[in-house]
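Okay, so here's the structure we're looking at.
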Amino acid sequence: MAANGGEAGSKRTAQRAKVVTITSGKGGVGKTTTAANVGVALARVNQRVVMIDADIGLRNLDIIMGLENRIVYDLVDVVEGRCKLRQAMIKHKQFPELYLIPAAQTRDKTAVSPADMVQIADQLRSECDFIIIDCPAGIERGFRNAIAPADEVLIVTNPEVSAVRDADRIIGLLEAENKNPAKLIINRVKADMVRKGDMLSPEDVTDILAIKIIGIVPEDDAVVTSSNAGMPLAMTENSRAGQAYRDIARRLMGEQVPFAQVEEPSGFFKRLGRIFGGN
Amino acid sequence: MSSFFDRVFGRSGKGGSSVKAKERLQFILVHDRINLPPERLEEMKAEILKVISKYVSVDSDHVDIALQKRERSPYLVAEIPFQKTVEAPDDDESTPAPPKPADPADKPKPQ
Ligand SMILES: Nc1ncnc2c1ncn2[C@@H]1O[C@H](COP(=O)(O)OP(=O)(O)OP(=O)(O)O)[C@@H](O)[C@H]1O
Ligand SMILES: [Mg+2]
C-alpha cells in the first residue's frame, strides 16, 4: 500500500498520505529550509501537500514559505479546539494544493502531545498525498511530537563532526521506536572542500551513519536570498540547491533519481551520481 | 580509509582534515552507541585482563581490546595473547618454567 509510489505526478488515487518528518538532532542544520523546499517541490509536481510546523514557540516555516501574514489560527488552536483543522490550514498562493499549518509562537512544546499529532495527521491522510512535518531541534517533546505520526523520517545533517554525531543519536532513538529506517539528507556540502579532503564527503557520512541517503544539497547562497524573499528556491529553476530539493521530492515519490542531476561547473555532482545513482 | 569515492574526487587521501574528522567521529559514535565513555572502557579492559590473568599469564604487551562497529552494531573485540612459556636462562632441561607472570627476574611486567 505504497500510497505515493509510482511515476511522477500520476498518483491521485492515494487514500493515505505519506507522513514525512524532517528532523536532525542538532539545530540549525537546515530542517526548515528542507521542509519548505521539499513541500514546494512536491506541490510543483501536482502533489497535494500539507506542511506542519511542529516547532512550537519558535515558528519559522511560515516565514520561509512567505505565509507569515496570513496566519489566523495555529496548531495549538486546533489541538485546544479553538478552530477546525481546516481553518488553520493556510493555502499557498502559487500552489492551490499546498497548505501550511503554522506552529504557535507564544506557547511551548507541551501544548501538543504525540497523540494529538497522530490524530491530526490521520484526519489529513485521506485528503492529501504528503504531510511534511518540520521538527524542532533536540530530542525532547517537540521531537516526540514530530515523529509520532511519521511514516518516513528524513534526518538532515551537515558534513561536520558535531552534526553527524547528533544525527547518529537520532537514528538510535528512531531504531528504539521501531520506526522505518530513517533516510539521510546531507546539507551544505561544499564540493571544493570535499575535493581538497577538508570536508567529510557524502560517502564518509553515509559510511559512518550506515543509513540510506536521499539527498545531497550543496551550500548555496540562493538559499539565503530565497529565504529573505519568502520564496523557497525549489519554486524556480536555476539553482543547484533547488534542484537537489526537487530530486529529494521525486525520490520521496518513489522515483529513482540519480544524484548526477545536481551539478556544478567542476562536475563534482555529476561524478557523484555514478556512485550513488540507482539505489 | 581510501575509497572509490576518494579516487573519483582526486582526493589526496591524507593530510585533509576530513580524515581526522572521520576518525574522531567513529571513535565518538562507538562510545555513544554503547553509552560507555572512553575512561570507563579503560577500566573495564583492565578488569577483564585482571580476571583472565588469574587463570593464565597474559602477554600484556600485545593485548588488544577495542570497540568496533559493524554496520550500526557495536562489538567488543578482544585479542588477548598468552605469555609464551619462558625457558630458564641456562639450559636446564629438567623443569620448564611454569607459566607464572609474577617472576620479576624473567621479564618486567608492563601494566
Ligand atoms: N544549503 C544551504 N546553503 C546555504 N545556507 C543554508 C543551506 N541550508 C540552510 N542554510 C541556512 O542555514 C540556516 C539554518 O537553516 P534552517 O533554519 O533551515 O535550519 P533548522 O535546522 O530548521 O534550524 P532550527 O534547528 O533552529 O529549527 C538558515 O540561515 C539557512 O538559510
Ligand atoms: Mg527549523
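In the C-alpha cells, the first chain shown is A, the next is B, and so on; residue numbers restart at 1 for each chain, and ligands run from 1 in the order shown.
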- prompt: Any idea which chain A residues end up within 6 Å of chain B if we count only C-alpha atoms, as a PyMOL selection string please?
  reply: chain A and resi 195+197-200+210
field: DSSP-assigned helix (DSSP H, G or I) members of range 37-225 of chain A, reported as a ChimeraX atom specification
entry: /A:37-44,61-64,68-70,75-79,85-88,109-111,114-125,141-147,161-176,191-195,202-209,221-225
Would you kindly return, as a compact mmCIF listing (two decimals) with N, CA and C atoms, in the first residue's frame, each protein, DNA or RNA residue with an atom no farther than 12 Å from any atom of Gly242 in chain A, considering only C-alpha atoms and excluding same-chain residues fewer than 2 positions away?
# COMPACT_ATOMS: atom_id res chain seq x y z
N THR A 33 14.45 24.77 6.13
CA THR A 33 14.74 25.01 4.72
C THR A 33 14.38 23.79 3.89
N THR A 34 14.75 22.62 4.39
CA THR A 34 14.45 21.38 3.67
C THR A 34 12.96 21.14 3.59
N ALA A 36 10.47 23.27 3.74
CA ALA A 36 9.83 24.23 2.84
C ALA A 36 10.09 23.86 1.38
N ASN A 37 11.32 23.52 1.08
CA ASN A 37 11.67 23.26 -0.32
C ASN A 37 11.13 21.93 -0.82
N VAL A 38 11.14 20.94 0.04
CA VAL A 38 10.60 19.65 -0.38
C VAL A 38 9.08 19.78 -0.55
N GLY A 39 8.44 20.53 0.34
CA GLY A 39 7.00 20.75 0.22
C GLY A 39 6.65 21.42 -1.10
N VAL A 40 7.37 22.48 -1.40
CA VAL A 40 7.14 23.22 -2.65
C VAL A 40 7.45 22.34 -3.86
N ALA A 41 8.53 21.59 -3.76
CA ALA A 41 8.93 20.74 -4.89
C ALA A 41 7.86 19.67 -5.16
N ASN A 187 23.28 18.30 3.98
CA ASN A 187 23.05 19.67 3.54
C ASN A 187 24.32 20.50 3.71
N GLY A 215 19.30 12.59 -0.16
CA GLY A 215 19.59 13.88 -0.76
C GLY A 215 20.96 14.42 -0.38
N ILE A 216 21.58 15.09 -1.36
CA ILE A 216 22.82 15.80 -1.11
C ILE A 216 22.60 17.23 -1.60
N VAL A 217 22.62 18.18 -0.67
CA VAL A 217 22.29 19.55 -1.03
C VAL A 217 23.54 20.41 -0.88
N PRO A 218 23.93 21.08 -1.94
CA PRO A 218 25.14 21.90 -1.83
C PRO A 218 24.91 23.17 -1.04
N GLU A 219 25.97 23.69 -0.48
CA GLU A 219 25.94 25.04 0.07
C GLU A 219 25.59 25.98 -1.08
N ASP A 220 24.65 26.88 -0.85
CA ASP A 220 24.19 27.72 -1.95
C ASP A 220 23.65 29.03 -1.39
N ASP A 221 24.25 30.13 -1.80
CA ASP A 221 23.79 31.44 -1.32
C ASP A 221 22.33 31.69 -1.67
N ALA A 222 21.87 31.05 -2.72
CA ALA A 222 20.47 31.25 -3.12
C ALA A 222 19.50 30.81 -2.04
N VAL A 223 19.94 29.91 -1.15
CA VAL A 223 19.08 29.51 -0.03
C VAL A 223 18.75 30.73 0.83
N VAL A 224 19.75 31.53 1.08
CA VAL A 224 19.56 32.70 1.94
C VAL A 224 18.71 33.75 1.22
N SER A 226 16.58 33.40 -1.16
CA SER A 226 15.20 32.97 -1.34
C SER A 226 14.45 32.97 -0.01
N MET A 231 10.37 32.87 -0.65
CA MET A 231 10.07 32.04 -1.83
C MET A 231 11.07 30.88 -1.89
N PRO A 232 10.74 29.74 -1.33
CA PRO A 232 11.68 28.62 -1.34
C PRO A 232 12.27 28.39 -2.73
N LEU A 233 13.55 28.16 -2.80
CA LEU A 233 14.19 28.18 -4.10
C LEU A 233 13.82 26.99 -4.98
N ALA A 234 13.18 26.00 -4.41
CA ALA A 234 12.69 24.91 -5.25
C ALA A 234 11.58 25.39 -6.18
N MET A 235 11.04 26.60 -5.93
CA MET A 235 9.99 27.14 -6.79
C MET A 235 10.51 27.50 -8.16
N THR A 236 11.76 27.86 -8.25
CA THR A 236 12.31 28.31 -9.53
C THR A 236 13.41 27.38 -9.99
N GLU A 237 13.69 27.44 -11.27
CA GLU A 237 14.80 26.66 -11.81
C GLU A 237 16.10 27.37 -11.48
N ASN A 238 17.17 26.83 -11.99
CA ASN A 238 18.46 27.54 -11.97
C ASN A 238 19.10 27.73 -10.61
N SER A 239 18.87 26.85 -9.70
CA SER A 239 19.76 26.88 -8.54
C SER A 239 20.10 25.44 -8.21
N ARG A 240 21.32 25.25 -7.78
CA ARG A 240 21.79 23.88 -7.54
C ARG A 240 21.08 23.28 -6.34
N ALA A 244 18.50 20.04 -6.05
CA ALA A 244 18.69 18.94 -5.08
C ALA A 244 17.40 18.68 -4.31
N TYR A 245 16.69 19.74 -3.95
CA TYR A 245 15.42 19.56 -3.22
C TYR A 245 14.36 18.94 -4.12
N ARG A 246 14.35 19.34 -5.39
CA ARG A 246 13.36 18.74 -6.29
C ARG A 246 13.65 17.24 -6.47
N ASP A 247 14.92 16.91 -6.49
CA ASP A 247 15.29 15.49 -6.61
C ASP A 247 14.83 14.70 -5.37
N ILE A 248 14.99 15.31 -4.21
CA ILE A 248 14.54 14.63 -2.98
C ILE A 248 13.03 14.37 -3.07
N ALA A 249 12.30 15.37 -3.55
CA ALA A 249 10.85 15.22 -3.67
C ALA A 249 10.51 14.03 -4.58
N GLN A 261 22.05 14.54 -11.13
CA GLN A 261 21.35 15.68 -11.67
C GLN A 261 21.69 16.99 -10.99
N VAL A 262 22.33 16.90 -9.86
CA VAL A 262 22.82 18.14 -9.27
C VAL A 262 24.24 18.31 -9.76
N GLU A 263 24.53 19.48 -10.19
CA GLU A 263 25.82 19.64 -10.81
C GLU A 263 26.40 21.01 -10.52
Counting only C-alpha atoms, which residues of range 114-156 of chain A fall within 10 Å of range 63-77 of chain A, and what is the closest atom pair for each with its distance in Å at one decimal, ordered by chain and rising number, as JSON lines?
{"residue": "A:Asp116", "atom": "CA", "partner": "A:Val76", "partner_atom": "CA", "distance": 9.8}
{"residue": "A:Met117", "atom": "CA", "partner": "A:Leu75", "partner_atom": "CA", "distance": 9.4}
{"residue": "A:Ile120", "atom": "CA", "partner": "A:Leu75", "partner_atom": "CA", "distance": 9.3}
Write a file of the just-selected residues containing C-alpha atoms, as a compact mmCIF listing (two decimals), in the first residue's frame.
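As a result, again_36.txt now contains:
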# COMPACT_ATOMS: atom_id res chain seq x y z
CA ASP A 116 -2.52 14.97 19.09
CA MET A 117 -0.10 14.82 16.18
CA ILE A 120 -4.22 15.48 13.18
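Between CA of Val63 in chain B and CA of Leu41 in chain B there is a distance of 14.4 Å.
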Per-residue nearest contacts of chain A to ligand 2 (6 Å; only C-alpha atoms and all ligand atoms) as a tab-separated table:
residue	atom	partner	partner_atom_place_in_ligand_line	distance
A:Lys31	CA	ligand 2	1 (Mg)	5.3
A:Thr32	CA	ligand 2	1 (Mg)	4.1
A:Pro136	CA	ligand 2	1 (Mg)	5.8
query: Rounded to one decimal in Å, what is the spacing between CA of Ser227 in chain A and CA of Lys190 in chain A?
result: 19.7 Å
What's around Asn145 in chain A at 10 Å? Count only C-alpha atoms, leave out sequence neighbours fewer than 3 positions away in its own chain, and write the answer as a PDB file with C-alpha atoms, in the first residue's frame.
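And here is the file that came out, selection_0.pdb:
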ATOM      1  CA  ALA A  54       5.942  21.358  14.847  1.00  0.00           C
ATOM      2  CA  ASP A  55       8.463  23.845  16.234  1.00  0.00           C
ATOM      3  CA  LYS A 109       6.039  22.294  23.084  1.00  0.00           C
ATOM      4  CA  THR A 110       3.988  20.668  25.813  1.00  0.00           C
ATOM      5  CA  VAL A 112       0.802  19.478  21.870  1.00  0.00           C
ATOM      6  CA  SER A 113       1.178  15.747  22.536  1.00  0.00           C
ATOM      7  CA  PRO A 114       2.340  12.935  20.265  1.00  0.00           C
ATOM      8  CA  ALA A 115      -1.225  11.592  20.309  1.00  0.00           C
ATOM      9  CA  ASP A 116      -2.520  14.972  19.095  1.00  0.00           C
ATOM     10  CA  MET A 117      -0.101  14.823  16.182  1.00  0.00           C
ATOM     11  CA  VAL A 118      -1.167  11.333  15.247  1.00  0.00           C
ATOM     12  CA  ILE A 133       6.413  17.885   9.366  1.00  0.00           C
ATOM     13  CA  CYS A 135      10.661  19.063  13.575  1.00  0.00           C
ATOM     14  CA  PRO A 136      12.299  21.284  16.183  1.00  0.00           C
ATOM     15  CA  GLU A 140      12.577  16.275  23.726  1.00  0.00           C
ATOM     16  CA  ARG A 141       8.833  16.694  23.463  1.00  0.00           C
ATOM     17  CA  GLY A 142       8.885  18.561  20.155  1.00  0.00           C
ATOM     18  CA  ALA A 148       4.841  10.203  16.311  1.00  0.00           C
ATOM     19  CA  PRO A 149       2.797  10.155  13.082  1.00  0.00           C
ATOM     20  CA  ALA A 150       5.773   9.712  10.703  1.00  0.00           C
TER      21      ALA A 150
END
query: Which residues, written as a PyMOL selection string, have at least one atom at most 8 Å from Gln68 in chain B, with only C-alpha atoms counted and residues fewer than 6 positions away on the same chain left out?
result: chain B and resi 30+74-77
